[in-house]
Amino acid sequence: MLQQVNGHSSGSAAHSGESLREDLQEFLGGEAPLQQLDDLTKVNPVTLETVLRCLQARYTADTFYTNAGCTLVAMNPFKPVPQLYSPELMQEYHAASQPQTLKPHIFTVGEQTYRNVKSLMEPVNQSIVVSGESGAGKTWTSRCLMKFYAVVAASPTSWESHKVAERIEQRILNSNPVMEAFGNACTLRNNNSSRFGKFIQLQLNGAQQMTGAAVQTYLLEKTRVACQAPSERNFHIFYQIYKGAHAEERVRWCLPEGATFSWLPRPERTLEEDCFEVTREAMLHLGIDAPTQNNIFQALAGLLHLGNTQFADSGNEAQPCPLVDDAQCSVGTSALLLGLPEDHLLETLRIRTIRAGRGRQVFRKPCSQAECDTRRDCLAKLVYARLFDWLVSVINSSICAAPDSWTTFIGLLDVYGFESFPNNSLEQLCINYANEKLQQHFVAHYLRAQQEEYAVEGLEWSFVSYQDNQPCLDLIEGSPVSICSLINEECRLNRPSSAAQLQTRIESALTGHPRLGRDRLSPEPSFIVLHYAGPVRYCTRGLVEKNKDPVPPELTRLLQQSQDPLLKVLFPADPEEKSQEEPSGQNRTPVLTVVSKFKASLEQLLQVLHGTTPHYIRCIKPNSQAQAQIFHREEVLSQLEACGLVETIHISAAGFPIRVSHRNFVERYELLRRLRPATTPGHHGLYPDGGRSEHPPCTEPATLQGLLQEILHALPAPLHCGRTKVFMTDSTLELLERGRAQVLEQCARHIQRGWRRHRCRTQARRRRAAVLIQAAVRSWLTRKHVQRLHAAATVIKRAWREWRIRMAFLASEELDGVEEKHSSQAPCSPSSSPLPLAQTGLQGAITRLWPLGLALANAAVGVHGFQRKLVVFACLQLPVGSPRSCAIQTAQEQAGVLSIRALPQGSIRFHCRKSPLRYADTCPGPSPDSVTGFNQILLERHRPGHV
Ligand SMILES: Nc1ncnc2c1ncn2[C@@H]1O[C@H](COP(=O)(O)OP(=O)(O)OP(=O)(O)O)[C@@H](O)[C@H]1O
Ligand SMILES: [Mg+2]
């Protein structure tokens, strides 16, 4: 990619200067293409001018978010854009398969962090650093992100748990109005300026659901309670109670309508932030009940009255300062509201007690008017700071999840932006110091770390020079000598020090430092620090005192004696604290200075940030008048420079912003081994080949390196493999993700196909089994049926045989009866004569021949009619001449004859067996004794006269 950048410049060098200018003009001239550029790294060439034009074009087209490599640039629209933060849009970004492909938005960053937590890729915890000038939109952005997480990381849908989830998410969101009411104020640069730094840790459980949150605050600007810059206001909460209290509350808090308070400047101006009901409602949700709220607001009213306590000069050091005009009344009201004895309060404000000597004798010394004012202001600051810290702890106890109920977190850091006023003091020094630290974190993380990592990983890389702010940090916090160490030393030594002396000490101790400057024309003792965002002049007057932030022990003792339940909680009678606040002897300087406390908390914050994957949102203010549609190029330009955006763009575009450890890379993209590079040259697409590549996925290489090489082999994308990490550009990552999605889709298809095949096979097997069962049942049924038929046939057969035997028997009986009758009748017949012997022998021969005749007569073919009769007659030797006396019937004519048999014993007898069925036909006569068929023939033959 660097080559591309370099290539561009070398390519452009080849062109003539004229044509390049023309090209650039053509490129930069049209607003339309510029406003469509979602990423400032794609502006070509990357210069402040082109970046500025691009941002302006987008701002004019109401496109407020733009990527700048790893950073999101958020322009303040200074007008409501509801559709830009709707729940539907949140869902759209949450549901998108690749939110990066959608338009740049804070929801892209939100979704990216959420997915990173889900992916469990180290470091799992995420942080979003929202930075920018005062009024640029940091708090707004943080609020929107919290709403986004409350929607996407909502807990399960079961009714009961959903209620709980709603409560926790709502409570987390409710912390915003409460903290803003107590910690924000209207300044010259922002009507809702956060006067404290905030890091909110959104805690997620194993299922990535928001189970709680924890808030950490930094450096509340407590001086604002007692001292407001011209045209600025006190914290919003004072205006809220002043304007929003009910009549009855006004009486209780001694806040009559139209009352004036010196610590409540510009009360006539009403802001949308002055909504008391919203704060009350949110406090109630956070578990701060109405009586406690009443107690809080009463104490705040007490502070307002305390501010009206004005002292006059006594003119006599031995006398305490008198109160001006109505101040006595104010002291009384304040003491009443704070639960303090009035005279004790007044005495504490006006008289200093000093313990000295061996016997720790107490000396009472009246304070000067200035000292009285300081003590009064100190009392107010002390109460307000403790109240604020207590509120934060109450909020935390309400929204914080049990330690074992969350595993990961997403941190949102909303810190005051870089500040530079004509006169800057310790507050600005701390704020700018914090911004330097964050800038260094950014530099370390994205710029220096990026380049160093390339070197460590063995990647060839041409370094781009970038602005490193380490020298500036060395100047502020370095060891052994730095601005902070010198100021702290002044506090520790507790020696009298003038502003001019401090300036000289700083200049002499840090002389020649490249980041330290001096304004020789300034009438005020001061020093200049050349911050990464520009030079800032700090006045040394009051610096040491502010750093000491001394709290006279009498004040704490007084507040510990308060009868007010809230103040009792805020100022418990702690013996340890007592001994701390009453340092004995020479060691009276407080151990912890403001700077050292701030430094410690900042280091703690950075430690947390170092353990997370950081994301950056740079908020930009298009104009200082907070007007919509106005783009002041100079102001935006200075902010772009201040946040090092152009440097970032250069390096992000040139390098490989994405790096993944070998293990994580292999874990995520192992399935890409199924892909093979496109065969078409110049085409960078990835083609799944259905697992038929040269490197079959089934062959498992033994080592991580082997797997990695295999994956890299399968990819056509330009990937750079370092010693422990794989480096790539955004576009490569996109390509890999697309390929992964393809493979996953293909795998899903495989599974679907396999499942369908399995289902079809199972169904076919079942069908076959069903057919088999059906066939078996049918055959069984058929067999049964046949068996039954068979049995029935056997019965019929048996009956038929019986019947036939009976019929044969009857027939033989019939024949025997006829024969006997004939033989008994024959001798008696006059016409018959006994047969001669020879004739009897011939008769036997004939008898033997007759079956042949019968056979001929019964033949289906051959002789017919009379011929047949003749044959029969010849065979049976019947007299042919008397056909009338003898009728010949054959089986053909008389169906039913089954067999003919001759009986032995020399008698001419034939047994004719006929079908019983036919018998009935052929023997229609009523008498069973009647003779038919062959019997009849034979009978005829035996009749006398026939033979
Ligand atoms: N995205 C936005 N849409 C509409 N208005 C916005 C947006 N962002 C910021 N603003 C407006 O700009 C004002 C200032 O924003 P905000 O309070 O977030 O600034 P800040 O960076 O937190 O300033 P400070 O450092 O002073 O706290 C808001 O009160 C709001 O009116
Ligand atoms: Mg803010």
# chains A, B, ... in the order shown; residues from 1 in each chain; ligands from 1

call {"tool": "residues_around", "arguments": {"residues": "region 553-568 of chain A", "least_positions_apart": "3", "cutoff": "8 Å", "atoms": "only C-alpha atoms", "output": "PDB file with N, CA and C atoms, in the first residue's frame"}}
result
ATOM      1  N   THR A 292     -34.388  12.123  50.218  1.00  0.00           N
ATOM      2  CA  THR A 292     -32.944  12.351  49.990  1.00  0.00           C
ATOM      3  C   THR A 292     -32.755  13.464  48.970  1.00  0.00           C
ATOM      4  N   ASN A 295     -33.222  16.671  50.584  1.00  0.00           N
ATOM      5  CA  ASN A 295     -32.050  16.965  51.388  1.00  0.00           C
ATOM      6  C   ASN A 295     -30.917  17.542  50.524  1.00  0.00           C
ATOM      7  N   ILE A 296     -30.746  16.926  49.347  1.00  0.00           N
ATOM      8  CA  ILE A 296     -29.677  17.397  48.433  1.00  0.00           C
ATOM      9  C   ILE A 296     -29.963  18.836  47.996  1.00  0.00           C
ATOM     10  N   LEU A 338     -28.000  24.125  55.937  1.00  0.00           N
ATOM     11  CA  LEU A 338     -26.901  23.155  56.018  1.00  0.00           C
ATOM     12  C   LEU A 338     -26.853  22.430  57.367  1.00  0.00           C
ATOM     13  N   GLY A 339     -27.789  22.761  58.226  1.00  0.00           N
ATOM     14  CA  GLY A 339     -27.851  22.086  59.534  1.00  0.00           C
ATOM     15  C   GLY A 339     -26.681  22.457  60.429  1.00  0.00           C
ATOM     16  N   LEU A 340     -26.215  23.729  60.287  1.00  0.00           N
ATOM     17  CA  LEU A 340     -25.059  24.156  61.083  1.00  0.00           C
ATOM     18  C   LEU A 340     -25.488  25.258  62.064  1.00  0.00           C
ATOM     19  N   PRO A 341     -24.781  25.367  63.180  1.00  0.00           N
ATOM     20  CA  PRO A 341     -25.077  26.498  64.067  1.00  0.00           C
ATOM     21  C   PRO A 341     -24.572  27.791  63.423  1.00  0.00           C
ATOM     22  N   HIS A 344     -21.416  29.436  64.812  1.00  0.00           N
ATOM     23  CA  HIS A 344     -20.252  28.581  64.561  1.00  0.00           C
ATOM     24  C   HIS A 344     -19.796  28.705  63.109  1.00  0.00           C
ATOM     25  N   LEU A 345     -20.759  28.762  62.245  1.00  0.00           N
ATOM     26  CA  LEU A 345     -20.450  28.917  60.810  1.00  0.00           C
ATOM     27  C   LEU A 345     -19.733  30.237  60.580  1.00  0.00           C
ATOM     28  N   THR A 348     -16.210  30.223  62.010  1.00  0.00           N
ATOM     29  CA  THR A 348     -15.280  29.410  61.203  1.00  0.00           C
ATOM     30  C   THR A 348     -14.860  30.154  59.945  1.00  0.00           C
ATOM     31  N   LEU A 349     -15.801  30.906  59.376  1.00  0.00           N
ATOM     32  CA  LEU A 349     -15.474  31.636  58.145  1.00  0.00           C
ATOM     33  C   LEU A 349     -14.549  32.813  58.426  1.00  0.00           C
ATOM     34  N   ARG A 352      -9.427  32.098  62.021  1.00  0.00           N
ATOM     35  CA  ARG A 352      -8.548  30.950  61.765  1.00  0.00           C
ATOM     36  C   ARG A 352      -7.970  30.467  63.091  1.00  0.00           C
ATOM     37  N   THR A 353      -7.937  29.155  63.302  1.00  0.00           N
ATOM     38  CA  THR A 353      -7.313  28.624  64.512  1.00  0.00           C
ATOM     39  C   THR A 353      -5.958  28.035  64.143  1.00  0.00           C
ATOM     40  N   ARG A 375     -12.229  31.234  52.447  1.00  0.00           N
ATOM     41  CA  ARG A 375     -12.753  30.181  53.333  1.00  0.00           C
ATOM     42  C   ARG A 375     -14.207  29.864  52.990  1.00  0.00           C
ATOM     43  N   LEU A 379     -15.447  26.351  51.580  1.00  0.00           N
ATOM     44  CA  LEU A 379     -16.515  25.559  52.206  1.00  0.00           C
ATOM     45  C   LEU A 379     -17.503  25.064  51.137  1.00  0.00           C
ATOM     46  N   PHE A 571     -19.732  14.043  55.487  1.00  0.00           N
ATOM     47  CA  PHE A 571     -18.608  14.377  56.380  1.00  0.00           C
ATOM     48  C   PHE A 571     -18.699  13.558  57.665  1.00  0.00           C
ATOM     49  N   PRO A 572     -18.385  12.294  57.560  1.00  0.00           N
ATOM     50  CA  PRO A 572     -18.456  11.482  58.782  1.00  0.00           C
ATOM     51  C   PRO A 572     -17.304  11.865  59.725  1.00  0.00           C
ATOM     52  N   ALA A 573     -17.547  11.718  60.992  1.00  0.00           N
ATOM     53  CA  ALA A 573     -16.506  12.046  61.977  1.00  0.00           C
ATOM     54  C   ALA A 573     -15.471  10.928  61.966  1.00  0.00           C
ATOM     55  N   LYS A 578      -9.376  13.209  60.606  1.00  0.00           N
ATOM     56  CA  LYS A 578      -9.109  14.296  61.528  1.00  0.00           C
ATOM     57  C   LYS A 578      -7.609  14.496  61.705  1.00  0.00           C
ATOM     58  N   GLU A 581      -6.045  15.904  58.634  1.00  0.00           N
ATOM     59  CA  GLU A 581      -6.331  17.315  58.363  1.00  0.00           C
ATOM     60  C   GLU A 581      -5.787  18.243  59.457  1.00  0.00           C
ATOM     61  N   GLU A 582      -5.240  17.636  60.470  1.00  0.00           N
ATOM     62  CA  GLU A 582      -4.627  18.450  61.503  1.00  0.00           C
ATOM     63  C   GLU A 582      -3.155  18.098  61.603  1.00  0.00           C
TER      64      GLU A 582
END

call {"tool": "closest_atom_pairs", "arguments": {"of": "chain A", "to": "ligand 2", "cutoff": "9 Å", "atoms": "only C-alpha atoms and all ligand atoms", "output": "Markdown table"}}
result
| residue | atom | partner | partner_atom_place_in_ligand_line | distance |
| --- | --- | --- | --- | --- |
| A:Ser134 | CA | ligand 2 | 1 (Mg) | 6.8 |
| A:Gly135 | CA | ligand 2 | 1 (Mg) | 6.8 |
| A:Ala136 | CA | ligand 2 | 1 (Mg) | 8.2 |
| A:Gly137 | CA | ligand 2 | 1 (Mg) | 6.8 |
| A:Lys138 | CA | ligand 2 | 1 (Mg) | 5.4 |
| A:Thr139 | CA | ligand 2 | 1 (Mg) | 4.1 |
| A:Trp140 | CA | ligand 2 | 1 (Mg) | 7.2 |
| A:Ser142 | CA | ligand 2 | 1 (Mg) | 8.9 |
| A:Glu180 | CA | ligand 2 | 1 (Mg) | 8.5 |
| A:Asn184 | CA | ligand 2 | 1 (Mg) | 7.5 |
| A:Asn190 | CA | ligand 2 | 1 (Mg) | 8.4 |
| A:Asn192 | CA | ligand 2 | 1 (Mg) | 6.7 |
| A:Ser193 | CA | ligand 2 | 1 (Mg) | 4.9 |
| A:Ser194 | CA | ligand 2 | 1 (Mg) | 4.0 |
| A:Arg195 | CA | ligand 2 | 1 (Mg) | 7.5 |
| A:Phe196 | CA | ligand 2 | 1 (Mg) | 8.2 |
| A:Gly197 | CA | ligand 2 | 1 (Mg) | 8.3 |
| A:Asp414 | CA | ligand 2 | 1 (Mg) | 6.8 |
| A:Val415 | CA | ligand 2 | 1 (Mg) | 7.2 |
| A:Tyr416 | CA | ligand 2 | 1 (Mg) | 6.5 |
| A:Gly417 | CA | ligand 2 | 1 (Mg) | 8.5 |

call {"tool": "write_last_selection", "arguments": {"atoms": "all heavy atoms", "output": "short mmCIF file (atom, residue, chain, number, x, y, z; two decimals), in the first residue's frame"}}
result
data_model
loop_
_atom_site.label_atom_id
_atom_site.label_comp_id
_atom_site.auth_asym_id
_atom_site.auth_seq_id
_atom_site.Cartn_x
_atom_site.Cartn_y
_atom_site.Cartn_z
N SER A 134 -14.18 21.67 23.28
CA SER A 134 -15.41 21.89 24.03
C SER A 134 -16.52 22.29 23.06
O SER A 134 -16.34 23.18 22.23
CB SER A 134 -15.18 23.00 25.05
OG SER A 134 -16.39 23.24 25.72
N GLY A 135 -17.63 21.59 23.14
CA GLY A 135 -18.76 21.89 22.27
C GLY A 135 -18.73 21.13 20.95
O GLY A 135 -19.59 21.31 20.09
N ALA A 136 -17.76 20.25 20.80
CA ALA A 136 -17.64 19.52 19.53
C ALA A 136 -18.64 18.36 19.44
O ALA A 136 -18.91 17.85 18.35
CB ALA A 136 -16.23 19.00 19.35
N GLY A 137 -19.16 17.92 20.58
CA GLY A 137 -20.18 16.86 20.55
C GLY A 137 -19.75 15.56 21.23
O GLY A 137 -20.31 14.51 20.93
N LYS A 138 -18.80 15.62 22.14
CA LYS A 138 -18.31 14.39 22.81
C LYS A 138 -19.40 13.76 23.67
O LYS A 138 -19.67 12.56 23.58
CB LYS A 138 -17.09 14.72 23.68
CG LYS A 138 -15.91 15.30 22.94
CD LYS A 138 -14.76 15.56 23.84
CE LYS A 138 -14.99 16.67 24.85
NZ LYS A 138 -15.10 18.02 24.29
N THR A 139 -20.02 14.61 24.49
CA THR A 139 -21.04 14.08 25.41
C THR A 139 -22.24 13.56 24.63
O THR A 139 -22.80 12.51 24.95
CB THR A 139 -21.46 15.18 26.41
OG1 THR A 139 -20.27 15.65 27.03
CG2 THR A 139 -22.41 14.67 27.44
N TRP A 140 -22.60 14.27 23.60
CA TRP A 140 -23.72 13.85 22.74
C TRP A 140 -23.42 12.48 22.13
O TRP A 140 -24.25 11.57 22.15
CB TRP A 140 -23.92 14.91 21.65
CG TRP A 140 -25.05 14.60 20.72
CD1 TRP A 140 -25.07 13.66 19.74
CD2 TRP A 140 -26.33 15.23 20.69
NE1 TRP A 140 -26.26 13.65 19.10
CE2 TRP A 140 -27.06 14.62 19.65
CE3 TRP A 140 -26.92 16.27 21.40
CZ2 TRP A 140 -28.36 14.99 19.34
CZ3 TRP A 140 -28.22 16.64 21.09
CH2 TRP A 140 -28.92 16.00 20.07
N SER A 142 -21.27 10.20 23.21
CA SER A 142 -21.25 9.16 24.24
C SER A 142 -22.66 8.74 24.61
O SER A 142 -22.95 7.56 24.78
CB SER A 142 -20.55 9.66 25.50
OG SER A 142 -19.34 10.21 25.17
N GLU A 180 -25.06 15.13 34.33
CA GLU A 180 -24.95 16.38 33.57
C GLU A 180 -25.51 17.56 34.36
O GLU A 180 -25.00 18.67 34.28
CB GLU A 180 -25.65 16.24 32.22
CG GLU A 180 -24.82 15.39 31.26
CD GLU A 180 -25.44 15.24 29.88
OE1 GLU A 180 -26.22 16.10 29.48
OE2 GLU A 180 -25.12 14.24 29.22
N ASN A 184 -22.32 19.59 34.60
CA ASN A 184 -22.24 20.40 33.37
C ASN A 184 -22.68 21.83 33.65
O ASN A 184 -23.49 22.09 34.54
CB ASN A 184 -23.12 19.80 32.27
CG ASN A 184 -22.51 18.54 31.68
OD1 ASN A 184 -21.68 17.90 32.31
ND2 ASN A 184 -22.92 18.20 30.47
N ASN A 190 -19.89 26.30 25.09
CA ASN A 190 -20.88 25.23 25.00
C ASN A 190 -21.92 25.42 26.10
O ASN A 190 -21.57 25.57 27.27
CB ASN A 190 -20.16 23.87 25.17
CG ASN A 190 -21.10 22.69 25.09
OD1 ASN A 190 -22.28 22.85 24.81
ND2 ASN A 190 -20.57 21.51 25.34
N ASN A 192 -23.80 23.28 27.24
CA ASN A 192 -23.88 22.11 28.12
C ASN A 192 -22.48 21.50 28.26
O ASN A 192 -22.24 20.35 27.93
CB ASN A 192 -24.87 21.10 27.51
CG ASN A 192 -25.12 19.92 28.42
OD1 ASN A 192 -25.06 20.05 29.64
ND2 ASN A 192 -25.37 18.76 27.83
N SER A 193 -21.59 22.32 28.75
CA SER A 193 -20.19 21.88 28.80
C SER A 193 -19.94 20.99 30.03
O SER A 193 -20.31 21.35 31.14
CB SER A 193 -19.30 23.12 28.84
OG SER A 193 -17.97 22.72 28.82
N SER A 194 -19.33 19.83 29.75
CA SER A 194 -19.01 18.92 30.86
C SER A 194 -17.83 19.49 31.62
O SER A 194 -16.78 19.73 31.03
CB SER A 194 -18.65 17.54 30.32
OG SER A 194 -19.56 17.15 29.33
N ARG A 195 -18.03 19.68 32.91
CA ARG A 195 -16.95 20.23 33.72
C ARG A 195 -16.23 19.14 34.50
O ARG A 195 -15.69 19.36 35.58
CB ARG A 195 -17.47 21.33 34.67
CG ARG A 195 -18.26 22.44 34.03
CD ARG A 195 -17.71 22.92 32.71
NE ARG A 195 -16.37 23.50 32.78
CZ ARG A 195 -15.56 23.68 31.75
NH1 ARG A 195 -15.96 23.31 30.53
NH2 ARG A 195 -14.37 24.20 31.90
N PHE A 196 -16.25 17.96 33.97
CA PHE A 196 -15.54 16.82 34.57
C PHE A 196 -15.28 15.81 33.45
O PHE A 196 -15.93 15.84 32.41
CB PHE A 196 -16.38 16.17 35.69
CG PHE A 196 -17.66 15.55 35.20
CD1 PHE A 196 -17.76 14.16 35.08
CD2 PHE A 196 -18.76 16.31 34.85
CE1 PHE A 196 -18.93 13.57 34.62
CE2 PHE A 196 -19.92 15.74 34.38
CZ PHE A 196 -20.01 14.37 34.27
N GLY A 197 -14.32 14.96 33.68
CA GLY A 197 -14.05 13.89 32.71
C GLY A 197 -14.83 12.65 33.15
O GLY A 197 -15.08 12.46 34.34
N ASP A 414 -15.27 10.14 27.80
CA ASP A 414 -15.69 11.47 27.36
C ASP A 414 -14.94 12.48 28.23
O ASP A 414 -15.31 12.70 29.37
CB ASP A 414 -17.21 11.58 27.53
CG ASP A 414 -17.73 13.01 27.43
OD1 ASP A 414 -16.99 13.88 26.96
OD2 ASP A 414 -18.87 13.25 27.85
N VAL A 415 -13.86 12.95 27.69
CA VAL A 415 -13.07 13.91 28.48
C VAL A 415 -13.09 15.28 27.84
O VAL A 415 -13.25 15.42 26.62
CB VAL A 415 -11.60 13.48 28.66
CG1 VAL A 415 -11.47 12.41 29.71
CG2 VAL A 415 -11.00 13.07 27.35
N TYR A 416 -12.89 16.28 28.70
CA TYR A 416 -12.85 17.66 28.22
C TYR A 416 -11.79 17.79 27.13
O TYR A 416 -10.72 17.21 27.20
CB TYR A 416 -12.54 18.64 29.34
CG TYR A 416 -12.08 17.98 30.61
CD1 TYR A 416 -10.95 17.16 30.62
CD2 TYR A 416 -12.80 18.14 31.78
CE1 TYR A 416 -10.54 16.55 31.77
CE2 TYR A 416 -12.38 17.52 32.93
CZ TYR A 416 -11.25 16.73 32.93
OH TYR A 416 -10.84 16.10 34.07
N GLY A 417 -12.12 18.59 26.17
CA GLY A 417 -11.19 18.76 25.05
C GLY A 417 -10.07 19.73 25.40
O GLY A 417 -10.06 20.34 26.47
#

call {"tool": "residues_around", "arguments": {"residues": "Glu460 (chain A)", "least_positions_apart": "5", "cutoff": "10 Å", "atoms": "only C-alpha atoms", "output": "ChimeraX atom specification"}}
result
/A:454-455,720,722

call {"tool": "residues_around", "arguments": {"residues": "Leu429 (chain A)", "least_positions_apart": "2", "cutoff": "9 Å", "atoms": "only C-alpha atoms", "output": "ChimeraX atom specification"}}
result
/A:419,424-427,431-434,476,536,538

call {"tool": "residues_around", "arguments": {"residues": "Ser405 (chain A)", "least_positions_apart": "4", "cutoff": "12 Å", "atoms": "only C-alpha atoms", "output": "list in words"}}
result
Gln203, Leu204, Asn205, Gly206, Ala207, Gln208, Gln209, Met210, Thr211, Gly212, Ala213, Cys400, Ala401 and Phe409 of chain A

call {"tool": "select_by_dssp", "arguments": {"residues": "region 341-411 of chain A", "states": "strand (DSSP E or B)", "output": "PyMOL selection string"}}
result
chain A and resi 351-356+361-366+408-411

call {"tool": "write_last_selection", "arguments": {"atoms": "N, CA, C and O atoms", "output": "tab-separated table (two decimals), in the first residue's frame"}}
result
chain	number	residue	atom	x	y	z
A	351	ILE	N	-12.60	33.34	61.48
A	351	ILE	CA	-11.48	33.19	62.42
A	351	ILE	C	-10.70	31.92	62.14
A	351	ILE	O	-11.28	30.83	62.00
A	352	ARG	N	-9.43	32.10	62.02
A	352	ARG	CA	-8.55	30.95	61.76
A	352	ARG	C	-7.97	30.47	63.09
A	352	ARG	O	-7.55	31.28	63.93
A	353	THR	N	-7.94	29.15	63.30
A	353	THR	CA	-7.31	28.62	64.51
A	353	THR	C	-5.96	28.03	64.14
A	353	THR	O	-5.84	27.29	63.16
A	354	ILE	N	-4.99	28.37	64.92
A	354	ILE	CA	-3.62	27.90	64.67
A	354	ILE	C	-3.14	27.16	65.92
A	354	ILE	O	-3.29	27.67	67.03
A	355	ARG	N	-2.63	25.96	65.69
A	355	ARG	CA	-2.05	25.22	66.80
A	355	ARG	C	-0.54	25.35	66.71
A	355	ARG	O	0.05	25.05	65.67
A	356	ALA	N	0.03	25.75	67.76
A	356	ALA	CA	1.48	25.95	67.74
A	356	ALA	C	2.06	25.68	69.12
A	356	ALA	O	1.34	25.57	70.11
A	361	GLN	N	-0.84	24.57	71.59
A	361	GLN	CA	-1.78	25.61	72.01
A	361	GLN	C	-2.56	26.13	70.81
A	361	GLN	O	-2.03	26.20	69.70
A	362	VAL	N	-3.79	26.51	71.05
A	362	VAL	CA	-4.65	26.98	69.96
A	362	VAL	C	-4.68	28.51	69.99
A	362	VAL	O	-4.98	29.10	71.03
A	363	PHE	N	-4.33	29.05	68.83
A	363	PHE	CA	-4.40	30.51	68.69
A	363	PHE	C	-5.52	30.83	67.71
A	363	PHE	O	-5.70	30.13	66.72
A	364	ARG	N	-6.25	31.87	67.98
A	364	ARG	CA	-7.34	32.28	67.11
A	364	ARG	C	-6.96	33.59	66.44
A	364	ARG	O	-6.62	34.55	67.12
A	365	LYS	N	-7.01	33.56	65.12
A	365	LYS	CA	-6.60	34.76	64.40
A	365	LYS	C	-7.69	35.18	63.42
A	365	LYS	O	-8.10	34.38	62.57
A	366	PRO	N	-8.19	36.39	63.53
A	366	PRO	CA	-9.22	36.85	62.58
A	366	PRO	C	-8.63	36.90	61.17
A	366	PRO	O	-7.48	37.27	60.98
A	408	THR	N	-16.79	-9.04	30.37
A	408	THR	CA	-16.11	-8.11	29.45
A	408	THR	C	-16.72	-6.73	29.58
A	408	THR	O	-17.80	-6.57	30.17
A	409	PHE	N	-16.06	-5.75	29.02
A	409	PHE	CA	-16.63	-4.40	29.07
A	409	PHE	C	-16.29	-3.59	27.83
A	409	PHE	O	-15.32	-3.89	27.12
A	410	ILE	N	-17.12	-2.59	27.62
A	410	ILE	CA	-16.83	-1.59	26.59
A	410	ILE	C	-16.76	-0.27	27.33
A	410	ILE	O	-17.71	0.10	28.03
A	411	GLY	N	-15.64	0.41	27.22
A	411	GLY	CA	-15.46	1.67	27.95
A	411	GLY	C	-15.67	2.86	27.04
A	411	GLY	O	-15.23	2.86	25.89
